[in-house]
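For reference, upload-v8.pdb is printed below; it contains PDB, C-alpha atoms, pLDDT in the B column.
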```pdb
ATOM      1  CA  MET A1081     -63.203  44.428  45.733  1.00 66.00           C
ATOM      2  CA  ARG A1082     -61.499  46.617  43.164  1.00 77.00           C
ATOM      3  CA  PRO A1083     -58.215  45.397  41.672  1.00 78.00           C
ATOM      4  CA  ASP A1084     -55.348  46.476  43.889  1.00 84.00           C
ATOM      5  CA  ARG A1085     -51.749  45.631  43.073  1.00 82.00           C
ATOM      6  CA  ASN A1086     -51.142  44.749  46.725  1.00 85.00           C
ATOM      7  CA  ASN A1087     -53.650  41.890  46.397  1.00 85.00           C
ATOM      8  CA  PHE A1088     -52.023  40.302  43.330  1.00 86.00           C
ATOM      9  CA  PRO A1089     -49.492  38.162  45.246  1.00 87.00           C
ATOM     10  CA  ALA A1090     -52.209  36.657  47.482  1.00 90.00           C
ATOM     11  CA  ARG A1091     -54.456  36.007  44.480  1.00 88.00           C
ATOM     12  CA  ASN A1092     -51.576  34.446  42.530  1.00 88.00           C
ATOM     13  CA  ARG A1093     -50.684  32.211  45.488  1.00 91.00           C
ATOM     14  CA  VAL A1094     -54.212  30.789  45.384  1.00 92.00           C
ATOM     15  CA  ILE A1095     -54.132  30.378  41.597  1.00 89.00           C
ATOM     16  CA  SER A1096     -50.770  28.612  41.645  1.00 90.00           C
ATOM     17  CA  GLY A1097     -52.063  26.315  44.387  1.00 89.00           C
ATOM     18  CA  LEU A1098     -55.095  25.340  42.317  1.00 88.00           C
ATOM     19  CA  SER A1099     -52.974  24.673  39.227  1.00 87.00           C
ATOM     20  CA  HIS A1100     -50.869  21.661  38.317  1.00 85.00           C
ATOM     21  CA  GLY A1101     -48.146  23.973  37.075  1.00 89.00           C
ATOM     22  CA  THR A1102     -47.234  27.572  36.408  1.00 93.00           C
ATOM     23  CA  LEU A1103     -46.030  28.769  33.010  1.00 94.00           C
ATOM     24  CA  VAL A1104     -43.954  31.948  32.911  1.00 95.00           C
ATOM     25  CA  ILE A1105     -43.775  33.391  29.414  1.00 94.00           C
ATOM     26  CA  GLU A1106     -42.056  36.687  30.109  1.00 94.00           C
ATOM     27  CA  ALA A1107     -40.610  38.121  33.300  1.00 94.00           C
ATOM     28  CA  GLY A1108     -38.178  40.859  34.162  1.00 91.00           C
ATOM     29  CA  GLU A1109     -35.680  40.495  36.996  1.00 90.00           C
ATOM     30  CA  LYS A1110     -38.219  41.667  39.583  1.00 88.00           C
ATOM     31  CA  SER A1111     -41.542  40.427  38.291  1.00 89.00           C
ATOM     32  CA  GLY A1112     -44.833  39.347  39.797  1.00 89.00           C
ATOM     33  CA  ALA A1113     -44.592  36.274  37.583  1.00 92.00           C
ATOM     34  CA  LEU A1114     -41.446  35.260  39.473  1.00 94.00           C
ATOM     35  CA  ILE A1115     -43.277  35.639  42.777  1.00 93.00           C
ATOM     36  CA  THR A1116     -46.021  33.341  41.456  1.00 94.00           C
ATOM     37  CA  ALA A1117     -43.402  30.834  40.258  1.00 94.00           C
ATOM     38  CA  GLU A1118     -41.917  30.848  43.770  1.00 94.00           C
ATOM     39  CA  PHE A1119     -45.366  30.162  45.249  1.00 94.00           C
ATOM     40  CA  ALA A1120     -45.783  27.251  42.828  1.00 93.00           C
ATOM     41  CA  LEU A1121     -42.472  25.757  43.913  1.00 93.00           C
ATOM     42  CA  GLU A1122     -43.402  26.130  47.593  1.00 93.00           C
ATOM     43  CA  GLN A1123     -46.665  24.293  46.854  1.00 93.00           C
ATOM     44  CA  GLY A1124     -44.926  21.444  45.048  1.00 90.00           C
ATOM     45  CA  ARG A1125     -46.187  22.486  41.618  1.00 90.00           C
ATOM     46  CA  GLU A1126     -44.267  22.359  38.354  1.00 90.00           C
ATOM     47  CA  VAL A1127     -42.762  25.586  37.018  1.00 94.00           C
ATOM     48  CA  PHE A1128     -42.407  26.011  33.255  1.00 94.00           C
ATOM     49  CA  ALA A1129     -40.668  28.852  31.438  1.00 95.00           C
ATOM     50  CA  VAL A1130     -40.418  29.996  27.836  1.00 94.00           C
ATOM     51  CA  PRO A1131     -36.878  31.092  27.002  1.00 94.00           C
ATOM     52  CA  GLY A1132     -36.423  34.611  25.728  1.00 93.00           C
ATOM     53  CA  ASN A1133     -33.890  36.796  23.974  1.00 93.00           C
ATOM     54  CA  ILE A1134     -30.793  37.082  26.163  1.00 92.00           C
ATOM     55  CA  ASN A1135     -30.604  40.816  25.476  1.00 93.00           C
ATOM     56  CA  SER A1136     -34.188  41.554  26.500  1.00 93.00           C
ATOM     57  CA  PRO A1137     -34.768  42.810  30.042  1.00 94.00           C
ATOM     58  CA  ASN A1138     -38.192  41.110  29.922  1.00 93.00           C
ATOM     59  CA  SER A1139     -36.519  37.708  29.459  1.00 94.00           C
ATOM     60  CA  LYS A1140     -34.068  37.864  32.339  1.00 95.00           C
ATOM     61  CA  GLY A1141     -36.546  36.312  34.778  1.00 95.00           C
ATOM     62  CA  THR A1142     -37.651  33.445  32.524  1.00 95.00           C
ATOM     63  CA  ASN A1143     -34.098  32.635  31.506  1.00 95.00           C
ATOM     64  CA  ARG A1144     -33.021  32.610  35.168  1.00 95.00           C
ATOM     65  CA  LEU A1145     -35.911  30.276  36.027  1.00 95.00           C
ATOM     66  CA  ILE A1146     -34.720  27.851  33.351  1.00 95.00           C
ATOM     67  CA  LYS A1147     -31.143  28.127  34.607  1.00 94.00           C
ATOM     68  CA  THR A1148     -32.273  27.272  38.141  1.00 93.00           C
ATOM     69  CA  GLY A1149     -34.404  24.271  37.199  1.00 92.00           C
ATOM     70  CA  ALA A1150     -37.689  25.371  35.624  1.00 93.00           C
ATOM     71  CA  ILE A1151     -38.821  23.189  32.751  1.00 93.00           C
ATOM     72  CA  LEU A1152     -37.947  24.748  29.397  1.00 94.00           C
ATOM     73  CA  VAL A1153     -41.036  25.081  27.174  1.00 92.00           C
ATOM     74  CA  GLU A1154     -40.567  24.991  23.426  1.00 90.00           C
ATOM     75  CA  ASN A1155     -44.132  23.934  22.546  1.00 86.00           C
ATOM     76  CA  PRO A1156     -47.316  22.749  24.308  1.00 82.00           C
ATOM     77  CA  ASP A1157     -46.066  19.154  24.292  1.00 79.00           C
ATOM     78  CA  SER A1158     -43.217  20.240  26.589  1.00 82.00           C
ATOM     79  CA  ILE A1159     -45.812  20.910  29.278  1.00 84.00           C
ATOM     80  CA  VAL A1160     -48.013  17.871  28.662  1.00 78.00           C
ATOM     81  CA  HIS A1161     -44.962  15.614  28.748  1.00 78.00           C
ATOM     82  CA  GLU A1162     -44.041  16.852  32.222  1.00 81.00           C
ATOM     83  CA  LEU A1163     -47.483  16.768  33.804  1.00 76.00           C
ATOM     84  CA  SER A1164     -48.224  14.073  36.314  1.00 66.00           C
ATOM     85  CA  ALA A1165     -49.611  10.742  35.118  1.00 67.00           C
ATOM     86  CA  GLU A1166     -52.954  11.645  36.700  1.00 64.00           C
ATOM     87  CA  VAL A1167     -53.291  14.807  34.616  1.00 69.00           C
ATOM     88  CA  GLN A1168     -52.095  13.060  31.454  1.00 67.00           C
ATOM     89  CA  SER A1169     -54.638  10.292  32.024  1.00 71.00           C
ATOM     90  CA  PHE A1170     -57.373  12.891  32.471  1.00 69.00           C
ATOM     91  CA  LEU A1171     -56.368  14.642  29.242  1.00 66.00           C
ATOM     92  CA  GLU A1172     -56.257  11.376  27.297  1.00 70.00           C
ATOM     93  CA  LYS A1173     -59.756  10.463  28.477  1.00 69.00           C
ATOM     94  CA  LYS A1174     -61.141  13.907  27.647  1.00 63.00           C
ATOM     95  CA  GLN A1175     -59.525  14.448  24.233  1.00 59.00           C
ATOM     96  CA  PRO A1176     -61.828  12.153  22.197  1.00 56.00           C
ATOM     97  CA  ALA A1177     -64.886  13.675  23.876  1.00 51.00           C
ATOM     98  CA  MET A1178     -63.511  17.175  23.368  1.00 49.00           C
ATOM     99  CA  LYS A1179     -62.900  16.516  19.679  1.00 50.00           C
ATOM    100  CA  LYS A1180     -66.472  15.292  19.240  1.00 47.00           C
ATOM    101  CA  SER A1181     -67.879  18.329  21.019  1.00 46.00           C
ATOM    102  CA  LEU A1182     -65.739  20.625  18.876  1.00 49.00           C
ATOM    103  CA  GLU A1183     -67.181  19.121  15.706  1.00 55.00           C
ATOM    104  CA  PRO A1184     -69.987  21.586  14.992  1.00 64.00           C
ATOM    105  CA  ALA A1185     -73.448  20.237  14.367  1.00 67.00           C
ATOM    106  CA  GLY A1186     -75.647  21.447  11.550  1.00 77.00           C
ATOM    107  CA  LEU A1187     -72.930  22.071   8.977  1.00 85.00           C
ATOM    108  CA  SER A1188     -73.700  21.636   5.320  1.00 87.00           C
ATOM    109  CA  THR A1189     -71.860  19.050   3.242  1.00 87.00           C
ATOM    110  CA  ILE A1190     -69.805  21.798   1.575  1.00 88.00           C
ATOM    111  CA  GLU A1191     -68.913  23.371   4.945  1.00 89.00           C
ATOM    112  CA  ARG A1192     -67.751  19.976   6.241  1.00 87.00           C
ATOM    113  CA  GLN A1193     -65.763  19.439   3.041  1.00 88.00           C
ATOM    114  CA  VAL A1194     -63.964  22.785   3.360  1.00 89.00           C
ATOM    115  CA  LEU A1195     -63.348  22.262   7.094  1.00 88.00           C
ATOM    116  CA  SER A1196     -61.873  18.832   6.408  1.00 86.00           C
ATOM    117  CA  VAL A1197     -59.260  20.460   4.153  1.00 88.00           C
ATOM    118  CA  LEU A1198     -58.324  22.954   6.860  1.00 85.00           C
ATOM    119  CA  SER A1199     -56.391  22.005   9.955  1.00 72.00           C
ATOM    120  CA  GLN A1200     -54.353  23.865  12.559  1.00 66.00           C
ATOM    121  CA  GLU A1201     -51.965  24.591   9.706  1.00 79.00           C
ATOM    122  CA  GLU A1202     -52.544  27.750   7.668  1.00 86.00           C
ATOM    123  CA  LYS A1203     -53.655  27.147   4.076  1.00 91.00           C
ATOM    124  CA  HIS A1204     -53.994  29.512   1.156  1.00 92.00           C
ATOM    125  CA  ILE A1205     -57.397  29.703  -0.539  1.00 91.00           C
ATOM    126  CA  ASP A1206     -55.959  28.218  -3.744  1.00 92.00           C
ATOM    127  CA  ILE A1207     -54.869  25.098  -1.839  1.00 91.00           C
ATOM    128  CA  ILE A1208     -58.315  24.855  -0.231  1.00 91.00           C
ATOM    129  CA  ILE A1209     -59.996  25.092  -3.666  1.00 92.00           C
ATOM    130  CA  GLU A1210     -57.639  22.497  -5.120  1.00 91.00           C
ATOM    131  CA  ASN A1211     -57.989  20.024  -2.230  1.00 89.00           C
ATOM    132  CA  SER A1212     -61.736  20.408  -1.783  1.00 89.00           C
ATOM    133  CA  ARG A1213     -62.465  20.041  -5.516  1.00 89.00           C
ATOM    134  CA  LEU A1214     -65.111  22.748  -5.210  1.00 91.00           C
ATOM    135  CA  SER A1215     -65.505  25.829  -7.351  1.00 91.00           C
ATOM    136  CA  PRO A1216     -63.769  29.036  -6.255  1.00 91.00           C
ATOM    137  CA  ALA A1217     -67.183  30.655  -5.690  1.00 91.00           C
ATOM    138  CA  GLU A1218     -68.350  27.787  -3.456  1.00 92.00           C
ATOM    139  CA  VAL A1219     -65.133  27.845  -1.431  1.00 91.00           C
ATOM    140  CA  SER A1220     -65.179  31.642  -1.026  1.00 91.00           C
ATOM    141  CA  ALA A1221     -68.797  31.704   0.138  1.00 90.00           C
ATOM    142  CA  THR A1222     -68.218  28.777   2.497  1.00 91.00           C
ATOM    143  CA  LEU A1223     -65.097  30.344   3.995  1.00 92.00           C
ATOM    144  CA  VAL A1224     -67.042  33.535   4.736  1.00 89.00           C
ATOM    145  CA  GLN A1225     -69.793  31.524   6.443  1.00 89.00           C
ATOM    146  CA  LEU A1226     -67.324  29.466   8.476  1.00 89.00           C
ATOM    147  CA  GLU A1227     -65.510  32.625   9.553  1.00 87.00           C
ATOM    148  CA  LEU A1228     -68.780  34.266  10.609  1.00 85.00           C
ATOM    149  CA  ASN A1229     -69.569  31.148  12.656  1.00 83.00           C
ATOM    150  CA  GLY A1230     -66.180  31.423  14.392  1.00 84.00           C
ATOM    151  CA  LEU A1231     -64.892  28.116  13.029  1.00 88.00           C
ATOM    152  CA  ILE A1232     -62.001  29.498  10.990  1.00 88.00           C
ATOM    153  CA  ARG A1233     -59.842  32.595  10.889  1.00 87.00           C
ATOM    154  CA  GLN A1234     -58.510  34.449   7.874  1.00 87.00           C
ATOM    155  CA  PHE A1235     -55.055  35.966   7.784  1.00 86.00           C
ATOM    156  CA  GLU A1236     -53.399  38.336   5.331  1.00 86.00           C
ATOM    157  CA  GLY A1237     -53.110  37.099   1.762  1.00 86.00           C
ATOM    158  CA  LYS A1238     -56.228  34.874   1.761  1.00 88.00           C
ATOM    159  CA  VAL A1239     -54.695  32.387   4.196  1.00 88.00           C
ATOM    160  CA  PHE A1240     -57.096  30.463   6.475  1.00 90.00           C
ATOM    161  CA  VAL A1241     -56.835  28.207   9.527  1.00 87.00           C
ATOM    162  CA  ALA A1242     -59.420  26.174  11.453  1.00 86.00           C
ATOM    163  CA  LEU A1243     -59.945  27.203  15.071  1.00 79.00           C
TER
END
```

Write out the structure in this file as structure tokens.
Amino acid sequence: MRPDRNNFPARNRVISGLSHGTLVIEAGEKSGALITAEFALEQGREVFAVPGNINSPNSKGTNRLIKTGAILVENPDSIVHELSAEVQSFLEKKQPAMKKSLEPAGLSTIERQVLSVLSQEEKHIDIIIENSRLSPAEVSATLVQLELNGLIRQFEGKVFVAL
């Protein structure tokens, strides 16, 4: 069936029912996201909201959700902290396995060395060269290869982050 705006509420009711919680990032006063949050509440699910600028019309809904009891989200840990013990237990069991599966196989020693310097924190190429103790040419070539393999991302000003 083609997408039809009249079907969105029914679809979102099903999605909110399958989820442990609903996160609303941005919502105007009359928003489909608010309808989905209402479904989640009816189904006994958690409702999370990211606060927004008080002057923005697109934040009125999220700010009202927080005011009426939605869980304020400042970072991902805000959500994990509130999830049921069952979900937290599941995540704790899966995280070590997920980390192993995210560690790419078949990387060269130099690629592993450069990746070990990078983390979820952005780092300038000069810091990577300094911390890896590799030559600038080796680091540059390795960063290109890692980016082509989808393992890192480059931002403006020769700043890199592991994905």

Nearby residues (all atoms listed in the file) at most 10 Å from stretch 1208-1217 of chain A, same-chain spacing under 3 positions excluded, as a PDB file with C-alpha atoms, in the frame of the given file:
```
ATOM      1  CA  ILE A1190     -69.805  21.798   1.575  1.00 88.00           C
ATOM      2  CA  GLN A1193     -65.763  19.439   3.041  1.00 88.00           C
ATOM      3  CA  VAL A1194     -63.964  22.785   3.360  1.00 89.00           C
ATOM      4  CA  LEU A1195     -63.348  22.262   7.094  1.00 88.00           C
ATOM      5  CA  SER A1196     -61.873  18.832   6.408  1.00 86.00           C
ATOM      6  CA  VAL A1197     -59.260  20.460   4.153  1.00 88.00           C
ATOM      7  CA  LEU A1198     -58.324  22.954   6.860  1.00 85.00           C
ATOM      8  CA  LYS A1203     -53.655  27.147   4.076  1.00 91.00           C
ATOM      9  CA  HIS A1204     -53.994  29.512   1.156  1.00 92.00           C
ATOM     10  CA  ILE A1205     -57.397  29.703  -0.539  1.00 91.00           C
ATOM     11  CA  SER A1220     -65.179  31.642  -1.026  1.00 91.00           C
ATOM     12  CA  ALA A1221     -68.797  31.704   0.138  1.00 90.00           C
ATOM     13  CA  THR A1222     -68.218  28.777   2.497  1.00 91.00           C
ATOM     14  CA  LEU A1223     -65.097  30.344   3.995  1.00 92.00           C
ATOM     15  CA  VAL A1239     -54.695  32.387   4.196  1.00 88.00           C
ATOM     16  CA  PHE A1240     -57.096  30.463   6.475  1.00 90.00           C
TER      17      PHE A1240
END
```

Contact residues around A:Val1241 with only C-alpha atoms at 9 Å, ignoring same-chain residues under 6 positions, as an MDAnalysis selection string: chainID A and resid 1198:1204 1231:1235

Using C-alpha atoms, can you write the selected residues to a file as a PDB file, in the coordinates of the input?
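To be explicit, this is the file written out as out_16.pdb:
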```pdb
ATOM      1  CA  LEU A1198     -58.324  22.954   6.860  1.00 85.00           C
ATOM      2  CA  SER A1199     -56.391  22.005   9.955  1.00 72.00           C
ATOM      3  CA  GLN A1200     -54.353  23.865  12.559  1.00 66.00           C
ATOM      4  CA  GLU A1201     -51.965  24.591   9.706  1.00 79.00           C
ATOM      5  CA  GLU A1202     -52.544  27.750   7.668  1.00 86.00           C
ATOM      6  CA  LYS A1203     -53.655  27.147   4.076  1.00 91.00           C
ATOM      7  CA  HIS A1204     -53.994  29.512   1.156  1.00 92.00           C
ATOM      8  CA  LEU A1231     -64.892  28.116  13.029  1.00 88.00           C
ATOM      9  CA  ILE A1232     -62.001  29.498  10.990  1.00 88.00           C
ATOM     10  CA  ARG A1233     -59.842  32.595  10.889  1.00 87.00           C
ATOM     11  CA  GLN A1234     -58.510  34.449   7.874  1.00 87.00           C
ATOM     12  CA  PHE A1235     -55.055  35.966   7.784  1.00 86.00           C
TER      13      PHE A1235
END
```

Distance of atom CA of A:Ala1113 from atom CA of A:Ser1139, expressed in Å to one decimal place: 11.5 Å

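Atom to atom, atom CA of A:Gly1141 and atom CA of A:Val1153 stand 14.3 Å apart.
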
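Among A:Gly1108, A:Gly1097, A:Pro1083, A:Pro1089, the residue with the shortest atom-to-atom distance to A:Ile1134, counting all atoms listed in the file, is A:Gly1108.
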
Could you write out as an mmCIF file with C-alpha atoms, in the frame of the given file the residues that the PyMOL selection byres ((chain A and resi 1146) around 12) matches in the shown file?
```cif
data_model
loop_
_atom_site.group_PDB
_atom_site.id
_atom_site.type_symbol
_atom_site.label_atom_id
_atom_site.label_comp_id
_atom_site.auth_asym_id
_atom_site.auth_seq_id
_atom_site.Cartn_x
_atom_site.Cartn_y
_atom_site.Cartn_z
ATOM 1 C CA LEU A 1103 -46.030 28.769 33.010
ATOM 2 C CA VAL A 1104 -43.954 31.948 32.911
ATOM 3 C CA ILE A 1105 -43.775 33.391 29.414
ATOM 4 C CA GLU A 1106 -42.056 36.687 30.109
ATOM 5 C CA ALA A 1107 -40.610 38.121 33.300
ATOM 6 C CA LEU A 1114 -41.446 35.260 39.473
ATOM 7 C CA ALA A 1117 -43.402 30.834 40.258
ATOM 8 C CA VAL A 1127 -42.762 25.586 37.018
ATOM 9 C CA PHE A 1128 -42.407 26.011 33.255
ATOM 10 C CA ALA A 1129 -40.668 28.852 31.438
ATOM 11 C CA VAL A 1130 -40.418 29.996 27.836
ATOM 12 C CA PRO A 1131 -36.878 31.092 27.002
ATOM 13 C CA GLY A 1132 -36.423 34.611 25.728
ATOM 14 C CA SER A 1139 -36.519 37.708 29.459
ATOM 15 C CA LYS A 1140 -34.068 37.864 32.339
ATOM 16 C CA GLY A 1141 -36.546 36.312 34.778
ATOM 17 C CA THR A 1142 -37.651 33.445 32.524
ATOM 18 C CA ASN A 1143 -34.098 32.635 31.506
ATOM 19 C CA ARG A 1144 -33.021 32.610 35.168
ATOM 20 C CA LEU A 1145 -35.911 30.276 36.027
ATOM 21 C CA LYS A 1147 -31.143 28.127 34.607
ATOM 22 C CA THR A 1148 -32.273 27.272 38.141
ATOM 23 C CA GLY A 1149 -34.404 24.271 37.199
ATOM 24 C CA ALA A 1150 -37.689 25.371 35.624
ATOM 25 C CA ILE A 1151 -38.821 23.189 32.751
ATOM 26 C CA LEU A 1152 -37.947 24.748 29.397
ATOM 27 C CA VAL A 1153 -41.036 25.081 27.174
ATOM 28 C CA GLU A 1154 -40.567 24.991 23.426
#
```

Point-to-point distance in Å for atom CA of A:Gly1112 and atom CA of A:Asn1087: 11.3 Å

From A:Ala1120, A:Ile1207, A:Leu1163, A:Leu1226, residue lying nearest A:Arg1192 [all atoms listed in the file]: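 Looking only at the distances to A:Arg1192, the closest residue turns out to be A:Leu1226.
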
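The point (-47.2, 30.1, 42.9) has these residues within 10 Å of it when all atoms listed in the file are used: Pro1089, Ala1090, Arg1091, Asn1092, Arg1093, Val1094, Ile1095, Ser1096, Gly1097, Leu1098, Ser1099, Gly1101, Thr1102, Ala1113, Leu1114, Ile1115, Thr1116, Ala1117, Glu1118, Phe1119, Ala1120, Leu1121, Glu1122, Gln1123, Gly1124, Arg1125, Glu1126 and Val1127 of chain A.
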